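K.L.:
The file below is entry_16.cif, mmCIF, C-alpha atoms:
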data_run
#
loop_
_atom_site.label_atom_id
_atom_site.label_comp_id
_atom_site.auth_asym_id
_atom_site.auth_seq_id
_atom_site.Cartn_x
_atom_site.Cartn_y
_atom_site.Cartn_z
CA MET A 1 70.09 145.25 157.09
CA THR A 2 69.54 142.36 154.72
CA CYS A 3 65.97 142.06 153.40
CA SER A 4 64.34 138.65 153.29
CA PRO A 5 63.38 137.39 149.78
CA ALA A 6 59.72 138.07 150.58
CA SER A 7 60.23 141.66 151.60
CA THR A 8 62.48 142.26 148.57
CA THR A 9 59.75 141.10 146.19
CA ARG A 10 57.17 143.31 147.84
CA ARG A 11 59.49 146.32 148.06
CA LEU A 12 60.39 146.12 144.36
CA THR A 13 56.73 145.66 143.43
CA TYR A 14 55.62 148.70 145.46
CA ARG A 15 58.34 150.87 143.97
CA TYR A 16 58.32 149.85 140.29
CA ILE A 17 54.93 148.37 139.33
CA LEU A 18 51.80 150.45 138.84
CA PRO A 19 49.46 149.89 141.80
CA THR A 20 46.53 148.64 139.70
CA TYR A 21 46.04 145.44 141.69
CA SER A 22 44.91 144.92 145.28
CA ARG A 23 47.29 142.10 146.07
CA PHE A 24 47.10 139.64 148.93
CA GLU A 25 50.19 139.46 151.15
CA LEU A 26 51.72 136.43 149.45
CA GLU A 27 54.89 136.06 147.36
CA ILE A 28 54.40 132.95 145.25
CA LEU A 29 57.53 131.05 144.26
CA ARG A 30 56.41 127.78 142.68
CA GLY A 31 53.49 125.46 142.10
CA SER A 32 52.69 121.81 141.48
CA GLY A 33 49.24 120.44 140.74
CA CYS A 34 46.71 122.04 143.06
CA ARG A 35 49.43 123.41 145.42
CA LEU A 36 51.46 126.61 145.59
CA TRP A 37 54.46 127.47 147.75
CA THR A 38 55.48 130.94 148.86
CA GLU A 39 59.01 132.31 148.94
CA THR A 40 59.10 131.50 152.65
CA GLY A 41 58.14 127.88 152.00
CA ARG A 42 54.49 128.04 153.05
CA GLU A 43 52.17 125.56 151.26
CA LEU A 44 48.74 126.63 149.99
CA LEU A 45 45.86 124.73 148.40
CA ASP A 46 45.01 126.72 145.26
CA PHE A 47 41.26 126.79 144.52
CA GLY A 48 41.60 129.94 142.41
CA ALA A 49 43.89 128.40 139.77
CA GLY A 50 45.05 131.83 138.62
CA ILE A 51 41.37 132.89 138.18
CA ALA A 52 40.32 129.75 136.29
CA VAL A 53 43.48 129.76 134.16
CA CYS A 54 45.44 126.70 135.31
CA SER A 55 43.01 124.02 134.09
CA LEU A 56 45.53 121.25 134.71
CA GLY A 57 47.06 122.75 137.84
CA HIS A 58 50.56 124.13 138.18
CA ALA A 59 53.60 122.84 136.29
CA HIS A 60 51.73 120.02 134.56
CA PRO A 61 54.53 117.81 133.14
CA ARG A 62 52.92 117.32 129.71
CA VAL A 63 52.34 121.05 129.22
CA THR A 64 55.86 121.82 130.42
CA GLU A 65 57.30 119.22 128.03
CA ALA A 66 55.27 120.53 125.06
CA ILE A 67 56.23 124.16 125.73
CA THR A 68 59.89 123.28 126.18
CA LYS A 69 60.03 121.24 123.01
CA GLN A 70 58.27 123.91 120.93
CA ALA A 71 60.42 126.71 122.41
CA GLY A 72 63.48 124.85 121.19
CA GLN A 73 62.03 124.64 117.70
CA LEU A 74 60.15 127.90 117.02
CA VAL A 75 58.76 130.54 119.39
CA HIS A 76 57.59 133.23 117.02
CA THR A 77 57.46 134.04 113.35
CA SER A 78 54.48 136.48 113.16
CA ASN A 79 51.15 135.92 111.52
CA LEU A 80 52.63 136.77 108.13
CA TYR A 81 53.31 133.05 107.74
CA TYR A 82 51.61 129.73 108.42
CA THR A 83 52.39 127.55 111.44
CA ARG A 84 51.06 124.04 112.05
CA PRO A 85 50.21 124.38 115.81
CA GLN A 86 47.95 127.37 115.11
CA ALA A 87 46.14 125.59 112.27
CA GLU A 88 45.65 122.42 114.32
CA LEU A 89 44.35 124.36 117.33
CA ALA A 90 41.86 126.28 115.19
CA HIS A 91 40.62 122.99 113.75
CA ARG A 92 40.23 121.62 117.29
CA LEU A 93 38.32 124.68 118.55
CA VAL A 94 35.90 124.62 115.61
CA GLY A 95 35.20 121.00 116.56
CA ILE A 96 34.51 122.06 120.15
CA VAL A 97 31.88 124.56 118.99
CA GLY A 98 30.40 121.90 116.73
CA ALA A 99 29.58 124.18 113.79
CA GLU A 100 31.43 125.46 110.76
CA GLY A 101 33.39 128.63 111.36
CA LYS A 102 36.87 130.12 111.74
CA VAL A 103 39.07 131.21 114.65
CA PHE A 104 41.20 134.28 115.38
CA PHE A 105 44.01 134.05 117.96
CA CYS A 106 45.09 136.79 120.36
CA ASN A 107 46.63 136.99 123.84
CA SER A 108 43.83 137.48 126.36
CA GLY A 109 40.11 137.46 127.06
CA SER A 110 39.91 141.23 126.64
CA GLU A 111 41.39 140.98 123.17
CA ALA A 112 39.07 138.11 122.28
CA ASN A 113 36.02 140.14 123.29
CA GLU A 114 37.43 143.19 121.52
CA GLY A 115 37.49 141.06 118.38
CA LEU A 116 33.82 140.14 118.83
CA ILE A 117 32.96 143.84 119.31
CA LYS A 118 34.81 144.73 116.10
CA LEU A 119 33.06 141.88 114.30
CA SER A 120 29.72 143.34 115.43
CA ARG A 121 30.61 146.84 114.20
CA LYS A 122 31.76 145.41 110.86
CA PHE A 123 28.53 143.44 110.54
CA GLY A 124 26.47 146.49 111.48
CA ASN A 125 28.23 148.68 108.97
CA SER A 126 27.70 146.02 106.30
CA SER A 127 23.97 145.70 106.97
CA GLY A 128 22.99 149.32 107.64
CA HIS A 129 24.23 151.82 110.22
CA ARG A 130 23.97 149.55 113.25
CA TYR A 131 26.48 149.57 116.09
CA GLU A 132 24.80 149.12 119.47
CA ILE A 133 25.51 145.98 121.51
CA ILE A 134 23.28 144.82 124.35
CA THR A 135 25.15 143.43 127.36
CA PHE A 136 23.96 142.62 130.89
CA ARG A 137 24.15 144.08 134.36
CA GLY A 138 26.72 142.35 136.48
CA SER A 139 28.70 141.29 133.42
CA PHE A 140 32.47 141.57 133.06
CA HIS A 141 34.09 141.55 129.63
CA GLY A 142 37.62 142.83 130.22
CA ARG A 143 39.83 145.84 130.98
CA THR A 144 40.33 147.52 127.59
CA LEU A 145 38.29 150.69 127.14
CA ALA A 146 35.78 149.02 124.81
CA ASN A 147 35.37 146.10 127.22
CA VAL A 148 35.04 148.39 130.23
CA SER A 149 32.27 150.12 128.28
CA ALA A 150 30.67 146.75 127.51
CA THR A 151 30.87 145.61 131.14
CA GLY A 152 27.68 145.97 133.17
CA GLN A 153 29.35 147.04 136.44
CA GLU A 154 29.62 150.75 137.23
CA ARG A 155 32.61 150.30 139.56
CA VAL A 156 34.94 149.35 136.69
CA LYS A 157 33.87 152.40 134.62
CA GLN A 158 34.53 155.06 137.27
CA GLY A 159 37.18 157.57 136.21
CA PHE A 160 37.38 156.51 132.56
CA SER A 161 34.80 158.69 130.86
CA PRO A 162 34.06 159.31 128.11
CA LEU A 163 33.56 155.62 127.50
CA VAL A 164 33.18 153.95 124.12
CA SER A 165 29.60 154.55 122.99
CA GLY A 166 27.28 151.90 121.68
CA PHE A 167 26.64 149.65 124.69
CA ILE A 168 23.43 149.25 126.64
CA HIS A 169 23.00 147.12 129.76
CA VAL A 170 19.83 145.27 130.73
CA PRO A 171 19.02 142.94 133.65
CA TYR A 172 20.69 139.52 133.36
CA GLY A 173 18.22 136.77 132.62
CA ASP A 174 15.41 139.18 131.70
CA LEU A 175 14.22 138.40 128.16
CA GLU A 176 11.45 141.00 128.24
CA SER A 177 13.87 143.83 129.06
CA THR A 178 16.30 142.56 126.44
CA CYS A 179 13.59 142.58 123.78
CA ALA A 180 12.49 146.09 124.79
CA ALA A 181 16.08 147.35 124.48
CA ILE A 182 16.40 146.35 120.82
CA GLN A 183 16.44 149.46 118.63
CA PRO A 184 17.07 150.04 114.89
CA GLN A 185 20.78 150.63 115.69
CA THR A 186 21.16 147.38 117.67
CA VAL A 187 23.54 144.91 116.08
CA ALA A 188 24.41 142.23 118.66
CA ILE A 189 23.84 140.72 122.10
CA LEU A 190 26.95 139.81 124.12
CA VAL A 191 26.40 137.54 127.11
CA GLU A 192 28.34 135.37 129.53
CA PRO A 193 26.47 132.05 129.89
CA VAL A 194 27.88 132.05 133.43
CA GLN A 195 28.86 135.39 134.96
CA GLY A 196 32.17 134.66 136.68
CA GLU A 197 33.54 137.93 138.02
CA GLY A 198 29.93 139.03 138.59
CA GLY A 199 29.51 136.31 141.24
CA ILE A 200 28.82 132.94 139.50
CA HIS A 201 25.37 133.76 138.13
CA ILE A 202 24.16 131.05 135.75
CA SER A 203 21.90 131.70 132.77
CA SER A 204 18.78 129.62 132.34
CA LYS A 205 18.18 127.45 129.30
CA LEU A 206 15.09 129.48 128.42
CA PHE A 207 17.05 132.73 128.60
CA LEU A 208 19.78 131.59 126.20
CA GLN A 209 17.25 130.05 123.83
CA GLY A 210 15.23 133.26 123.97
CA LEU A 211 18.31 135.33 123.09
CA ARG A 212 18.92 133.13 120.05
CA THR A 213 15.32 133.65 118.94
CA LEU A 214 15.55 137.44 119.44
CA CYS A 215 18.76 137.60 117.43
CA ASP A 216 17.25 135.59 114.60
CA GLU A 217 14.11 137.74 114.53
CA HIS A 218 16.03 141.05 114.49
CA ASN A 219 19.10 140.01 112.44
CA LEU A 220 21.44 140.45 115.41
CA LEU A 221 24.61 138.56 116.29
CA LEU A 222 24.49 136.33 119.36
CA LEU A 223 27.92 136.41 121.02
CA PHE A 224 28.95 134.21 123.97
CA ASP A 225 31.74 135.38 126.28
CA GLU A 226 33.19 132.05 127.42
CA VAL A 227 36.46 133.53 128.64
CA GLN A 228 35.96 132.13 132.14
CA CYS A 229 33.27 129.45 131.74
CA GLY A 230 34.61 127.81 128.55
CA ILE A 231 37.10 124.99 127.85
CA GLY A 232 35.70 122.44 130.29
CA ARG A 233 35.20 124.60 133.40
CA THR A 234 31.48 123.71 133.62
CA GLY A 235 31.90 120.02 132.81
CA LYS A 236 31.41 120.40 129.04
CA TRP A 237 33.73 122.04 126.56
CA CYS A 238 31.36 125.00 126.25
CA GLY A 239 29.62 126.67 129.18
CA TRP A 240 26.45 127.27 127.19
CA LYS A 241 26.22 123.57 126.30
CA SER A 242 26.20 122.73 130.02
CA ILE A 243 23.06 124.87 130.25
CA VAL A 244 21.13 124.15 127.06
CA GLY A 245 22.51 120.85 125.76
CA CYS A 246 24.94 120.05 122.99
CA GLU A 247 23.16 121.18 119.84
CA ALA A 248 20.25 123.32 121.00
CA ILE A 249 21.94 126.66 120.32
CA ILE A 250 24.71 127.71 117.97
CA PRO A 251 25.93 131.28 118.60
CA ASP A 252 27.43 133.57 115.95
CA GLY A 253 30.62 134.19 117.90
CA VAL A 254 32.42 132.79 120.96
CA SER A 255 35.40 134.14 122.92
CA TRP A 256 37.85 132.06 125.00
CA ALA A 257 40.96 132.68 127.09
CA LYS A 258 41.80 131.84 130.75
CA GLY A 259 41.77 128.01 130.88
CA ILE A 260 42.75 127.44 127.27
CA ALA A 261 46.55 127.11 127.64
CA ASN A 262 47.10 126.45 131.38
CA GLY A 263 48.68 129.84 132.03
CA PHE A 264 50.47 130.47 128.77
CA PRO A 265 48.94 133.73 127.41
CA LEU A 266 46.39 132.91 124.73
CA GLY A 267 42.94 134.15 123.74
CA ALA A 268 40.77 133.25 120.78
CA PHE A 269 37.39 133.89 119.24
CA TRP A 270 35.36 131.77 116.86
CA VAL A 271 33.04 133.19 114.21
CA SER A 272 30.27 131.23 112.53
CA ALA A 273 30.34 130.44 108.82
CA CYS A 274 26.63 131.19 108.56
CA THR A 275 25.45 133.87 106.16
CA LYS A 276 23.30 136.71 107.44
CA GLY A 277 21.57 138.93 104.91
CA LYS A 278 23.82 140.11 102.09
CA THR A 279 27.05 140.13 104.07
CA GLY A 280 28.30 136.67 103.08
CA PRO A 281 29.76 134.22 105.62
CA LEU A 282 30.25 135.94 108.99
CA CYS A 283 33.67 134.30 109.42
CA ASP A 284 34.97 136.16 106.36
CA LEU A 285 33.77 139.63 107.43
CA LEU A 286 37.03 140.48 109.18
CA GLY A 287 39.23 140.22 106.11
CA PRO A 288 42.95 140.98 105.57
CA GLY A 289 44.02 144.21 107.28
CA SER A 290 40.88 144.56 109.39
CA HIS A 291 42.23 142.95 112.56
CA GLY A 292 45.51 141.54 113.85
CA SER A 293 47.73 140.51 116.75
CA THR A 294 51.53 140.45 116.89
CA TYR A 295 51.86 137.55 119.30
CA GLY A 296 48.41 135.96 119.04
CA GLY A 297 48.50 132.25 118.26
CA ASN A 298 52.28 131.89 118.42
CA PRO A 299 53.47 128.28 118.18
CA VAL A 300 54.32 127.92 121.89
CA SER A 301 50.93 129.10 123.14
CA CYS A 302 49.16 126.90 120.59
CA VAL A 303 51.04 123.71 121.53
CA ALA A 304 50.26 124.50 125.18
CA ALA A 305 46.56 124.75 124.32
CA LEU A 306 46.60 121.61 122.17
CA THR A 307 48.18 119.74 125.08
CA VAL A 308 45.59 121.07 127.53
CA LEU A 309 42.74 119.92 125.29
CA ARG A 310 44.39 116.53 124.75
CA VAL A 311 44.93 115.94 128.49
CA ILE A 312 41.36 116.99 129.35
CA GLU A 313 40.09 114.48 126.83
CA GLU A 314 42.46 111.58 127.58
CA GLU A 315 42.14 111.86 131.37
CA GLN A 316 38.34 112.36 131.22
CA LEU A 317 38.55 115.63 133.10
CA LEU A 318 35.14 116.82 131.90
CA LYS A 319 33.68 113.90 133.84
CA ASN A 320 35.93 114.71 136.81
CA THR A 321 34.73 118.32 136.68
CA LEU A 322 31.09 117.25 136.82
CA GLU A 323 31.58 114.66 139.59
CA LEU A 324 33.86 116.69 141.85
CA GLY A 325 31.98 119.92 141.16
CA SER A 326 28.84 118.17 142.36
CA LEU A 327 30.66 116.78 145.42
CA PHE A 328 32.06 120.21 146.28
CA TYR A 329 28.64 121.84 145.94
CA LYS A 330 27.04 119.15 148.11
CA LYS A 331 29.63 119.46 150.87
CA LEU A 332 29.41 123.26 150.89
CA SER A 333 25.61 123.07 150.97
CA ASN A 334 25.80 120.84 154.05
CA ILE A 335 27.62 123.51 156.03
CA SER A 336 25.30 125.10 158.54
CA CYS A 337 26.56 128.63 159.03
CA PRO A 338 24.67 131.94 159.31
CA ALA A 339 27.40 133.63 157.25
CA ILE A 340 26.35 131.76 154.06
CA ALA A 341 23.55 133.37 152.07
CA GLY A 342 23.63 130.97 149.13
CA ILE A 343 25.76 128.75 146.91
CA ARG A 344 25.74 128.74 143.10
CA ALA A 345 27.67 126.23 141.03
CA LEU A 346 28.10 124.79 137.57
CA GLY A 347 30.87 122.21 137.28
CA LEU A 348 33.93 123.64 138.99
CA MET A 349 32.68 127.23 138.96
CA VAL A 350 31.45 127.56 142.53
CA GLY A 351 30.35 130.78 144.19
CA VAL A 352 29.50 131.24 147.85
CA GLU A 353 27.48 134.35 148.62
CA THR A 354 27.97 135.54 152.17
CA LYS A 355 25.99 137.64 154.62
CA LEU A 356 29.20 138.98 156.10
CA VAL A 357 29.60 142.65 156.90
CA THR A 358 32.86 144.55 157.27
CA PRO A 359 33.71 146.09 160.65
CA PRO A 360 33.84 149.93 160.58
CA ASN A 361 37.63 150.03 160.88
CA ASP A 362 38.22 147.57 158.02
CA GLN A 363 38.51 148.87 154.42
CA ARG A 364 38.21 145.41 152.87
CA THR A 365 35.01 144.09 151.29
CA PRO A 366 33.46 141.09 153.07
CA ALA A 367 34.63 138.83 150.22
CA VAL A 368 38.23 140.03 150.46
CA ARG A 369 38.14 139.75 154.23
CA LEU A 370 36.97 136.13 153.98
CA ALA A 371 39.61 135.39 151.30
CA ASP A 372 42.25 136.73 153.72
CA ASP A 373 40.95 134.44 156.45
CA LEU A 374 41.09 131.51 154.00
CA ILE A 375 44.73 132.31 153.24
CA ARG A 376 45.47 132.05 156.93
CA GLU A 377 43.95 128.54 156.76
CA GLY A 378 46.09 127.73 153.69
CA LEU A 379 43.43 127.97 150.97
CA LEU A 380 43.25 130.35 148.00
CA ALA A 381 39.89 131.52 146.58
CA ILE A 382 38.90 134.54 144.46
CA PRO A 383 36.59 137.38 145.55
CA ALA A 384 33.81 138.25 143.09
CA GLY A 385 32.21 141.58 143.96
CA ARG A 386 31.56 142.55 147.59
CA GLN A 387 29.87 139.41 148.93
CA VAL A 388 30.82 136.42 146.78
CA LEU A 389 33.83 134.14 146.97
CA ARG A 390 34.68 132.08 143.88
CA PHE A 391 36.22 128.60 144.00
CA LEU A 392 37.78 127.65 140.66
CA PRO A 393 40.10 124.67 141.26
CA PRO A 394 41.95 122.88 138.44
CA LEU A 395 39.81 120.44 136.44
CA ASN A 396 42.02 117.57 137.67
CA VAL A 397 41.41 118.36 141.34
CA GLN A 398 41.21 115.27 143.55
CA ARG A 399 38.47 114.23 145.97
CA CYS A 400 40.82 114.55 148.95
CA GLU A 401 41.62 118.13 147.90
CA ILE A 402 37.91 118.99 147.77
CA GLU A 403 37.49 117.60 151.28
CA GLU A 404 40.54 119.51 152.50
CA ALA A 405 39.23 122.77 150.98
CA VAL A 406 35.85 122.36 152.68
CA GLU A 407 37.57 121.78 156.05
CA LYS A 408 39.66 124.92 155.63
CA PHE A 409 36.60 126.90 154.55
CA MET A 410 34.71 125.78 157.66
CA GLN A 411 37.65 126.81 159.82
CA ALA A 412 37.70 130.27 158.21
CA LEU A 413 33.93 130.65 158.66
CA SER A 414 34.14 129.74 162.33
CA GLY A 415 35.81 133.07 163.03
CA GLN A 416 33.09 135.10 161.30
CA LYS A 417 30.14 134.63 163.68
CA THR A 418 30.18 138.21 164.94
CA CYS A 419 30.32 139.74 161.45
CA VAL A 420 27.08 138.46 159.93
CA SER A 421 24.37 140.83 158.76
CA PRO A 422 21.23 140.40 160.89
CA SER A 423 18.99 140.76 157.78
#
Output the file's structure as structure tokens, nothing else.
P.N.:
Amino acid sequence: MTCSPASTTRRLTYRYILPTYSRFELEILRGSGCRLWTETGRELLDFGAGIAVCSLGHAHPRVTEAITKQAGQLVHTSNLYYTRPQAELAHRLVGIVGAEGKVFFCNSGSEANEGLIKLSRKFGNSSGHRYEIITFRGSFHGRTLANVSATGQERVKQGFSPLVSGFIHVPYGDLESTCAAIQPQTVAILVEPVQGEGGIHISSKLFLQGLRTLCDEHNLLLLFDEVQCGIGRTGKWCGWKSIVGCEAIIPDGVSWAKGIANGFPLGAFWVSACTKGKTGPLCDLLGPGSHGSTYGGNPVSCVAALTVLRVIEEEQLLKNTLELGSLFYKKLSNISCPAIAGIRALGLMVGVETKLVTPPNDQRTPAVRLADDLIREGLLAIPAGRQVLRFLPPLNVQRCEIEEAVEKFMQALSGQKTCVSPS
């Protein structure tokens, strides 16, 4: 019997790839803009964008051209030498933060946050024996062991003890609890301005300003995890600037990944040039030999990122993100459905919290169940926890695509009337 291409892909995956992902029953073959096509030719509207990765949609011609050209010139030479794309991208990212500092390049958000954790330990060791980092309940910082330890969700920690010590979790948005958690060994506060995987929870301006004040008062580092909410996703280059304004807060460190290079693997973190105590400029704390990455910041990933930033700027996609994010939120808010418990949004980070419950014979969470129903309607979205569905379309999404997504969402919801919690 001859297997179809779809069944071959799934059979090989089941047999040879570790089962660490709960995959949806789709074999993706190609993409263009906001659309994906399966191996069987089915078309899908992609409002997940690879979990906020494909900022410019799939197969953007300018990114493809830049990658192709650079691949024909130089793919890799290691960080033992200088390359122009890396230097230019670092210069561009420092400009995005808007304060003096330096950038380290890696391959993912986990690695970027790992770098911020190492920076904190180095700072703590340089200014007394301090090592503890405060993070927040509901947070998600990555899948390495240190980042699992930093994450404020118990479900991602199960089965991996003993975890890396030195992390304490407090309620998100609670300044009083954060202040009470500061001890002599505390060295930093790590926070997502918008919790993505945690369900699109948005910090308040007062909370972020209060964290800056606490860090200044106690000589702590303030670190922003912008892996998901950074690089234009909220309608400004930086997620925290969408919340507090352009110059109100300058953190000590920022991590990026996901949307930075439109799918080409790249992560980065920025460190401030400010001087704290007797340690000298923070951005020089991690000196030669203290940190590294074999592939981080290779020329191809950096030209991809430079192209992404250039296109966002030239095509005014920050403005598009604000306008169409607002339109999407408004249209979702107008849906009258008992299955919707609430909608949270900042730019094109949109989360719909549901009241759905899972039938006794169904192992899926309500969010996964709804995502499956959306796939049947031809729309991709990303579950976030048990009850929340995330919509993270490309920043160049069109108005007609927003309207189409809302129609498909309403169709999927129409089949959920008997599965709503009575509470």
K.L.:
Wanna dump the stretch 37-134 of chain A-stretch 181-188 of chain A contacts at 6 Å for me, each residue with its shortest atom pair and the distance in Å to one decimal, counting all atoms listed in the file, ordered by chain and number, as CSV?
P.N.:
residue,atom,partner,partner_atom,distance
A:Gly124,CA,A:Val187,CA,5.7
A:Arg130,CA,A:Gln185,CA,4.2
A:Tyr131,CA,A:Val187,CA,5.5
A:Glu132,CA,A:Thr186,CA,4.4
A:Ile133,CA,A:Ala188,CA,4.8
K.L.:
Given the choices A:Arg30, A:Arg344, A:Lys241, A:Lys319, which gets closest to A:Leu389 if the distance is worked out from all atoms listed in the file?
P.N.:
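Under the stated criterion, the closest residue is A:Arg344.
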K.L.:
Evaluate the PyMOL selection byres ((chain A and resi 347-362) around 6) against this structure - the residues, as a list in words, please.
P.N.:
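This file, filtered by the PyMOL selection byres ((chain A and resi 347-362) around 6), leaves Ile200, Arg233, Thr234, Gly235, Thr321, Leu322, Gly325, Ala339, Ile340, Ala341, Gly342, Ile343, Arg344, Ala345, Leu346, Gln363, Arg364, Pro366, Gln387, Val388, Leu389, Arg390, Phe391, Leu392, Cys419, Val420 and Ser421 of chain A.
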K.L.:
I need the residue set behind the PyMOL selection byres ((chain A and resi 137-140) around 8) for this file; please write it as a CSV table (one decimal) with C-alpha atoms, in the frame of the given file.
P.N.:
chain,number,residue,atom,x,y,z
A,135,THR,CA,25.2,143.4,127.4
A,136,PHE,CA,24.0,142.6,130.9
A,141,HIS,CA,34.1,141.6,129.6
A,142,GLY,CA,37.6,142.8,130.2
A,147,ASN,CA,35.4,146.1,127.2
A,148,VAL,CA,35.0,148.4,130.2
A,150,ALA,CA,30.7,146.8,127.5
A,151,THR,CA,30.9,145.6,131.1
A,152,GLY,CA,27.7,146.0,133.2
A,153,GLN,CA,29.4,147.0,136.4
A,169,HIS,CA,23.0,147.1,129.8
A,170,VAL,CA,19.8,145.3,130.7
A,171,PRO,CA,19.0,142.9,133.6
A,172,TYR,CA,20.7,139.5,133.4
A,191,VAL,CA,26.4,137.5,127.1
A,192,GLU,CA,28.3,135.4,129.5
A,195,GLN,CA,28.9,135.4,135.0
A,196,GLY,CA,32.2,134.7,136.7
A,197,GLU,CA,33.5,137.9,138.0
A,198,GLY,CA,29.9,139.0,138.6
K.L.:
Kindly extract all protein, DNA and RNA residues lying within 7 Å of the coordinates (33.0, 116.1, 147.8) given in the file, considering all atoms listed in the file, and supply them as a PyMOL selection string.
P.N.:
chain A and resi 324+327-328+330-331+399+402-403
K.L.:
Write the residues of the preceding selection, restricted to C-alpha atoms, as a JSON list (two decimals), keeping the file's coordinate frame.
P.N.:
[["chain", "number", "residue", "atom", "x", "y", "z"],
["A", 324, "LEU", "CA", 33.86, 116.69, 141.85],
["A", 327, "LEU", "CA", 30.66, 116.78, 145.42],
["A", 328, "PHE", "CA", 32.06, 120.21, 146.28],
["A", 330, "LYS", "CA", 27.04, 119.15, 148.11],
["A", 331, "LYS", "CA", 29.63, 119.46, 150.87],
["A", 399, "ARG", "CA", 38.47, 114.23, 145.97],
["A", 402, "ILE", "CA", 37.91, 118.99, 147.77],
["A", 403, "GLU", "CA", 37.49, 117.60, 151.28]]
K.L.:
Which one is closest to A:Asn125: A:Leu285, A:Ile67, A:Ala90, A:Ala273? Count all atoms listed in the file.
P.N.:
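Counting all atoms listed in the file, the residue closest to A:Asn125 is A:Leu285.
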K.L.:
Could you state the separation of atom CA of A:Arg212 and atom CA of A:Pro251 in Å, given to one decimal place?
P.N.:
7.4 Å
K.L.:
Using only C-alpha atoms, which residues of stretch 213-289 of chain A come within 10 Å of stretch 31-49 of chain A, and what is the closest atom pair for each, with the distance in Å to one decimal? Give it as a tab-separated table, sorted by chain and residue number.
P.N.:
residue	atom	partner	partner_atom	distance
A:Lys258	CA	A:Ala49	CA	9.9
A:Gly259	CA	A:Ala49	CA	9.1
A:Asn262	CA	A:Ala49	CA	9.2
A:Gly263	CA	A:Ala49	CA	9.2
K.L.:
Between atom CA of A:Phe24 and atom CA of A:Ala384, what distance in Å does the model show, to one decimal?
P.N.:
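Here the two named atoms are 14.6 Å from each other.
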K.L.:
Go ahead and compute the interatomic distance for atom CA of A:His291 and atom CA of A:Ala268, in Å to one decimal.
P.N.:
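Straight-line distance from atom CA of A:His291 to atom CA of A:Ala268 works out to 12.8 Å.
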K.L.:
Would you please work out which residue, of A:Ala367, A:Val300, A:Ala305, A:Val271, is nearest to A:Val97 when using only C-alpha atoms?
P.N.:
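Distance minimum relative to A:Val97 lands on A:Val271.
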K.L.:
Identify which of the residues A:Ala381, A:Cys246, A:Ala99, A:Leu413 lies closest to A:Cys274, counting only C-alpha atoms when measuring atom-to-atom distances.
P.N.:
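Among the listed residues, the smallest separation from A:Cys274 belongs to A:Ala99.
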K.L.:
Rank A:Lys408, A:Leu306, A:Thr365, A:Gly199 by their smallest atom-to-atom distance to A:Gly378, using only C-alpha atoms, and report the top residue only.
P.N.:
A:Lys408
K.L.:
Please enumerate the residues selected by the PyMOL selection byres ((chain A and resi 301) around 7) when evaluated against the supplied file, formatted as a PyMOL selection string.
P.N.:
chain A and resi 261+264-266+297-300+302-305
K.L.:
Tell me which of A:Asn396, A:Thr294, A:Thr275, A:Thr64 sits closest to A:Leu318, counting only C-alpha atoms.
P.N.:
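So, comparing all the options, the nearest one is A:Asn396.
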